[in-house]
Amino acid sequence: MNFVQEIRDAIKRYCDEGLDDVVVTAKPAKVTGVNLFQQPEAHPTVLDLVLLRKYGPEWLTWEPETLAWRIPQDFRSSGVSDLNMHKIQAMKTLHFNDDYWMQWEVFNWCLQPFNNQYPNFDILQVPSTAQIAVAVSTAADVRGDAHWSDEVEQFMRSVCRFDGIFYPRKPLAFLGVGTENSVIDHATIDERWPKVKRTGKMPGGSTIVDEQLRRMLEVNTFLSDNRQRLQSQMALVLNE
């Protein structure tokens, strides 16, 4: 199995779908081959790809201690930060089995480092809808054939409802949140959303639709920033 090509194809597919077409003002992280494993803004997909290019799928069988020993020798790095080791281990989970897509606890633990946060295995860290969007997109970088269990989908729906988002769009449209809610004017949202997404301008009205569009834009901007960071780091790493 060509893991590197799968990741490249997945990234191209997401770019073609226009998930990163919102103008984001945040500057891309200054990541290089030397500081990649120490840089807190290193994207987990890039860390995964770099390890696959260097070691092949063999690295997926290594313990964290082995990675912590090999990476400084092979990448001229001062070491691997704890946060980036969590990212690496979360990416390994995606390669190894379906637990990420099947169990909400595993999904939420991996979701944290995918969003630059340390996972806490003792308490529930409630994610945001924006963080879930990043987690879903990151999973698609690795595998495009996996299916979410009802359990994990329900967990994601609960987060969307908690955030007051009742009609999420890509990449969370498959959740079907709010499709049974007649209060939400789906047709108007579908009509206005492409322009809001393209311009990145918050609607100024006070209607239910205006509020939904504002919340949807916040999620999309957060996701677009993540995908922009991925693309900038991918270009840097692949050109080295």
# chains A, B, ... in the order shown; residues from 1 in each chain; ligands from 1

call {"tool": "closest_atom_pairs", "arguments": {"of": "stretch 105-151 of chain A", "to": "stretch 78-96 of chain A", "cutoff": "9 Å", "atoms": "only C-alpha atoms", "output": "JSON lines"}}
result
{"residue": "A:Val106", "atom": "CA", "partner": "A:Thr93", "partner_atom": "CA", "distance": 8.9}
{"residue": "A:Trp109", "atom": "CA", "partner": "A:Ala90", "partner_atom": "CA", "distance": 8.1}
{"residue": "A:Cys110", "atom": "CA", "partner": "A:Ala90", "partner_atom": "CA", "distance": 5.1}
{"residue": "A:Leu111", "atom": "CA", "partner": "A:Ala90", "partner_atom": "CA", "distance": 8.1}
{"residue": "A:Gln112", "atom": "CA", "partner": "A:Lys87", "partner_atom": "CA", "distance": 8.6}
{"residue": "A:Pro113", "atom": "CA", "partner": "A:Lys87", "partner_atom": "CA", "distance": 5.1}
{"residue": "A:Phe114", "atom": "CA", "partner": "A:Lys87", "partner_atom": "CA", "distance": 6.2}
{"residue": "A:Asn116", "atom": "CA", "partner": "A:Leu83", "partner_atom": "CA", "distance": 7.1}
{"residue": "A:Gln117", "atom": "CA", "partner": "A:Leu83", "partner_atom": "CA", "distance": 7.2}
{"residue": "A:Tyr118", "atom": "CA", "partner": "A:Leu83", "partner_atom": "CA", "distance": 6.3}
{"residue": "A:Pro119", "atom": "CA", "partner": "A:His86", "partner_atom": "CA", "distance": 7.9}
{"residue": "A:Thr138", "atom": "CA", "partner": "A:Met91", "partner_atom": "CA", "distance": 8.9}
{"residue": "A:Ala139", "atom": "CA", "partner": "A:Leu94", "partner_atom": "CA", "distance": 7.0}
{"residue": "A:Val142", "atom": "CA", "partner": "A:Leu94", "partner_atom": "CA", "distance": 7.0}
{"residue": "A:Arg143", "atom": "CA", "partner": "A:Leu94", "partner_atom": "CA", "distance": 7.9}

call {"tool": "write_last_selection", "arguments": {"atoms": "C-alpha atoms", "output": "PDB file, in the first residue's frame"}}
result
ATOM      1  CA  VAL A 106     -10.777   7.352  20.758  1.00  0.00           C
ATOM      2  CA  TRP A 109      -8.567  11.674  22.354  1.00  0.00           C
ATOM      3  CA  CYS A 110      -7.032  11.881  18.864  1.00  0.00           C
ATOM      4  CA  LEU A 111      -8.993  15.027  18.058  1.00  0.00           C
ATOM      5  CA  GLN A 112      -7.122  16.974  20.747  1.00  0.00           C
ATOM      6  CA  PRO A 113      -3.579  16.772  19.275  1.00  0.00           C
ATOM      7  CA  PHE A 114      -5.030  17.231  15.789  1.00  0.00           C
ATOM      8  CA  ASN A 116      -2.739  21.375  18.904  1.00  0.00           C
ATOM      9  CA  GLN A 117      -4.000  20.382  22.350  1.00  0.00           C
ATOM     10  CA  TYR A 118      -2.805  17.764  24.806  1.00  0.00           C
ATOM     11  CA  PRO A 119      -5.264  14.886  25.297  1.00  0.00           C
ATOM     12  CA  THR A 138      -7.373  15.118   9.092  1.00  0.00           C
ATOM     13  CA  ALA A 139      -8.821  11.611   9.077  1.00  0.00           C
ATOM     14  CA  VAL A 142      -5.159   9.239   5.765  1.00  0.00           C
ATOM     15  CA  ARG A 143      -8.205   7.232   4.715  1.00  0.00           C
TER      16      ARG A 143
END

call {"tool": "closest_residue", "arguments": {"among": "A:Leu124, A:Val196, A:Val183, A:Ile132", "to": "A:Glu153", "atoms": "only C-alpha atoms"}}
result
A:Ile132

call {"tool": "select_by_dssp", "arguments": {"residues": "chain A", "states": "helix (DSSP H, G or I)", "output": "ChimeraX atom specification"}}
result
/A:3-16,44-61,64-75,82-96,99-102,104-114,129-142,150-162,173-175,186-199,208-239

call {"tool": "write_last_selection", "arguments": {"atoms": "C-alpha atoms", "output": "short mmCIF file (atom, residue, chain, number, x, y, z; two decimals), in the first residue's frame"}}
result
data_model
loop_
_atom_site.label_atom_id
_atom_site.label_comp_id
_atom_site.auth_asym_id
_atom_site.auth_seq_id
_atom_site.Cartn_x
_atom_site.Cartn_y
_atom_site.Cartn_z
CA PHE A 3 0.59 5.48 2.09
CA VAL A 4 2.39 8.58 0.76
CA GLN A 5 0.40 8.62 -2.46
CA GLU A 6 -2.85 8.07 -0.54
CA ILE A 7 -2.14 11.13 1.60
CA ARG A 8 -1.26 13.24 -1.45
CA ASP A 9 -4.43 12.13 -3.25
CA ALA A 10 -6.57 12.91 -0.20
CA ILE A 11 -5.10 16.41 0.14
CA LYS A 12 -5.66 17.09 -3.55
CA ARG A 13 -9.24 15.86 -3.24
CA TYR A 14 -9.96 18.23 -0.38
CA CYS A 15 -8.35 21.13 -2.22
CA ASP A 16 -10.46 20.40 -5.29
CA PRO A 44 -0.08 16.05 12.03
CA THR A 45 -0.53 15.03 8.39
CA VAL A 46 2.88 16.52 7.55
CA LEU A 47 4.52 14.72 10.46
CA ASP A 48 2.94 11.49 9.24
CA LEU A 49 4.06 12.02 5.65
CA VAL A 50 7.63 12.88 6.62
CA LEU A 51 7.92 9.71 8.70
CA LEU A 52 6.45 7.59 5.91
CA ARG A 53 8.89 9.04 3.38
CA LYS A 54 11.85 8.40 5.65
CA TYR A 55 11.00 5.03 7.18
CA GLY A 56 8.11 3.63 5.16
CA PRO A 57 5.19 1.93 6.97
CA GLU A 58 7.72 0.30 9.29
CA TRP A 59 7.60 3.31 11.62
CA LEU A 60 3.98 2.48 12.44
CA THR A 61 5.22 -0.50 14.48
CA PRO A 64 7.35 6.25 21.04
CA GLU A 65 10.75 5.68 22.68
CA THR A 66 12.14 4.40 19.38
CA LEU A 67 10.84 7.42 17.50
CA ALA A 68 12.24 9.76 20.13
CA TRP A 69 15.63 8.12 19.63
CA ARG A 70 15.66 7.87 15.82
CA ILE A 71 14.16 11.21 14.78
CA PRO A 72 16.92 13.43 16.23
CA GLN A 73 19.55 11.32 14.47
CA ASP A 74 17.86 11.22 11.07
CA PHE A 75 16.34 14.72 10.87
CA ASP A 82 5.48 16.04 23.72
CA LEU A 83 2.67 17.65 21.73
CA ASN A 84 4.04 16.45 18.40
CA MET A 85 4.54 12.96 19.80
CA HIS A 86 0.83 12.96 20.67
CA LYS A 87 0.10 14.00 17.06
CA ILE A 88 2.28 11.19 15.72
CA GLN A 89 0.64 8.59 17.94
CA ALA A 90 -2.83 9.83 16.96
CA MET A 91 -1.93 9.52 13.28
CA LYS A 92 -0.64 6.00 13.92
CA THR A 93 -4.06 5.14 15.37
CA LEU A 94 -5.69 6.17 12.08
CA HIS A 95 -3.39 3.85 10.12
CA PHE A 96 -3.70 0.86 12.41
CA ASP A 99 -11.21 2.70 16.43
CA TYR A 100 -11.02 6.41 15.57
CA TRP A 101 -14.11 6.10 13.39
CA MET A 102 -15.94 3.65 15.67
CA TRP A 104 -16.19 8.30 20.41
CA GLU A 105 -13.59 8.18 23.21
CA VAL A 106 -10.78 7.35 20.76
CA PHE A 107 -12.05 9.96 18.32
CA ASN A 108 -12.01 12.63 21.03
CA TRP A 109 -8.57 11.67 22.35
CA CYS A 110 -7.03 11.88 18.86
CA LEU A 111 -8.99 15.03 18.06
CA GLN A 112 -7.12 16.97 20.75
CA PRO A 113 -3.58 16.77 19.28
CA PHE A 114 -5.03 17.23 15.79
CA THR A 129 -17.61 22.06 16.12
CA ALA A 130 -14.61 23.70 14.47
CA GLN A 131 -12.26 21.21 16.11
CA ILE A 132 -14.44 18.34 14.95
CA ALA A 133 -14.27 19.68 11.39
CA VAL A 134 -10.47 19.62 11.60
CA ALA A 135 -10.54 16.08 13.01
CA VAL A 136 -12.77 14.84 10.18
CA SER A 137 -10.56 16.50 7.56
CA THR A 138 -7.37 15.12 9.09
CA ALA A 139 -8.82 11.61 9.08
CA ALA A 140 -9.63 11.99 5.38
CA ASP A 141 -5.96 12.79 4.71
CA VAL A 142 -5.16 9.24 5.76
CA ASP A 150 -23.55 5.80 14.75
CA GLU A 151 -21.91 6.33 18.13
CA VAL A 152 -19.28 8.76 16.82
CA GLU A 153 -21.74 10.53 14.54
CA GLN A 154 -24.09 11.08 17.48
CA PHE A 155 -21.20 12.48 19.51
CA MET A 156 -20.42 14.95 16.72
CA ARG A 157 -24.08 15.91 16.35
CA SER A 158 -24.26 16.65 20.07
CA VAL A 159 -21.28 18.98 19.80
CA CYS A 160 -22.85 20.81 16.86
CA ARG A 161 -26.11 21.28 18.72
CA PHE A 162 -24.27 22.42 21.86
CA ALA A 173 -22.77 17.91 6.19
CA PHE A 174 -22.98 14.10 6.38
CA LEU A 175 -24.14 14.41 10.01
CA HIS A 186 -32.28 25.39 4.70
CA ALA A 187 -33.00 26.78 1.25
CA THR A 188 -31.97 30.32 2.22
CA ILE A 189 -28.82 29.08 3.91
CA ASP A 190 -27.91 27.03 0.83
CA GLU A 191 -28.44 30.11 -1.31
CA ARG A 192 -26.42 32.51 0.83
CA TRP A 193 -23.67 30.24 2.14
CA PRO A 194 -21.45 30.11 -0.99
CA LYS A 195 -21.07 33.91 -1.00
CA VAL A 196 -20.48 34.13 2.75
CA LYS A 197 -17.89 31.37 2.51
CA ARG A 198 -16.17 32.96 -0.49
CA THR A 199 -15.99 36.50 0.90
CA ILE A 208 -31.91 32.88 12.60
CA VAL A 209 -30.32 32.41 9.19
CA ASP A 210 -27.86 35.27 9.77
CA GLU A 211 -26.77 33.74 13.08
CA GLN A 212 -26.38 30.30 11.53
CA LEU A 213 -24.26 31.73 8.73
CA ARG A 214 -22.03 33.54 11.23
CA ARG A 215 -21.44 30.37 13.22
CA MET A 216 -20.86 28.34 10.07
CA LEU A 217 -18.32 30.91 8.89
CA GLU A 218 -16.40 30.70 12.17
CA VAL A 219 -16.12 26.94 11.73
CA ASN A 220 -15.09 27.25 8.08
CA THR A 221 -12.46 29.91 8.84
CA PHE A 222 -10.95 27.73 11.57
CA LEU A 223 -10.86 24.77 9.20
CA SER A 224 -9.48 26.82 6.32
CA ASP A 225 -6.67 28.06 8.53
CA ASN A 226 -5.81 24.44 9.33
CA ARG A 227 -5.85 23.39 5.65
CA GLN A 228 -3.82 26.44 4.66
CA ARG A 229 -1.23 25.51 7.27
CA LEU A 230 -1.17 21.96 5.90
CA GLN A 231 -0.66 23.13 2.32
CA SER A 232 2.11 25.59 3.18
CA GLN A 233 3.97 22.97 5.22
CA MET A 234 3.45 20.29 2.58
CA ALA A 235 4.98 22.54 -0.08
CA LEU A 236 7.97 23.23 2.17
CA VAL A 237 8.59 19.62 3.15
CA LEU A 238 8.11 18.16 -0.33
CA ASN A 239 10.54 20.67 -1.82
#

call {"tool": "atom_distance", "arguments": {"atom1": "atom CA of A:Leu172", "atom2": "atom CA of A:Val126"}}
result
17.2 Å

call {"tool": "atom_distance", "arguments": {"atom1": "atom CA of A:Ser206", "atom2": "atom CA of A:Asp185"}}
result
14.1 Å

call {"tool": "closest_residue", "arguments": {"among": "A:Ile184, A:Pro168, A:Trp62, A:Arg76", "to": "A:Asn35", "atoms": "only C-alpha atoms"}}
result
A:Arg76

call {"tool": "atom_distance", "arguments": {"atom1": "atom CA of A:Ser149", "atom2": "atom CA of A:Glu41"}}
result
29.9 Å

call {"tool": "decode", "arguments": {"residues": "stretch 143-159 of chain A", "atoms": "C-alpha atoms", "output": "PDB file, in the first residue's frame"}}
result
ATOM      1  CA  ARG A 143      -8.205   7.232   4.715  1.00  0.00           C
ATOM      2  CA  GLY A 144     -11.071   8.084   2.440  1.00  0.00           C
ATOM      3  CA  ASP A 145     -12.869   4.746   2.692  1.00  0.00           C
ATOM      4  CA  ALA A 146     -13.648   4.652   6.413  1.00  0.00           C
ATOM      5  CA  HIS A 147     -17.199   5.022   7.709  1.00  0.00           C
ATOM      6  CA  TRP A 148     -18.240   6.668  10.949  1.00  0.00           C
ATOM      7  CA  SER A 149     -20.167   4.613  13.479  1.00  0.00           C
ATOM      8  CA  ASP A 150     -23.553   5.797  14.745  1.00  0.00           C
ATOM      9  CA  GLU A 151     -21.907   6.330  18.128  1.00  0.00           C
ATOM     10  CA  VAL A 152     -19.277   8.755  16.817  1.00  0.00           C
ATOM     11  CA  GLU A 153     -21.744  10.529  14.539  1.00  0.00           C
ATOM     12  CA  GLN A 154     -24.085  11.076  17.481  1.00  0.00           C
ATOM     13  CA  PHE A 155     -21.198  12.478  19.513  1.00  0.00           C
ATOM     14  CA  MET A 156     -20.425  14.947  16.716  1.00  0.00           C
ATOM     15  CA  ARG A 157     -24.084  15.910  16.352  1.00  0.00           C
ATOM     16  CA  SER A 158     -24.263  16.645  20.072  1.00  0.00           C
ATOM     17  CA  VAL A 159     -21.280  18.977  19.801  1.00  0.00           C
TER      18      VAL A 159
END
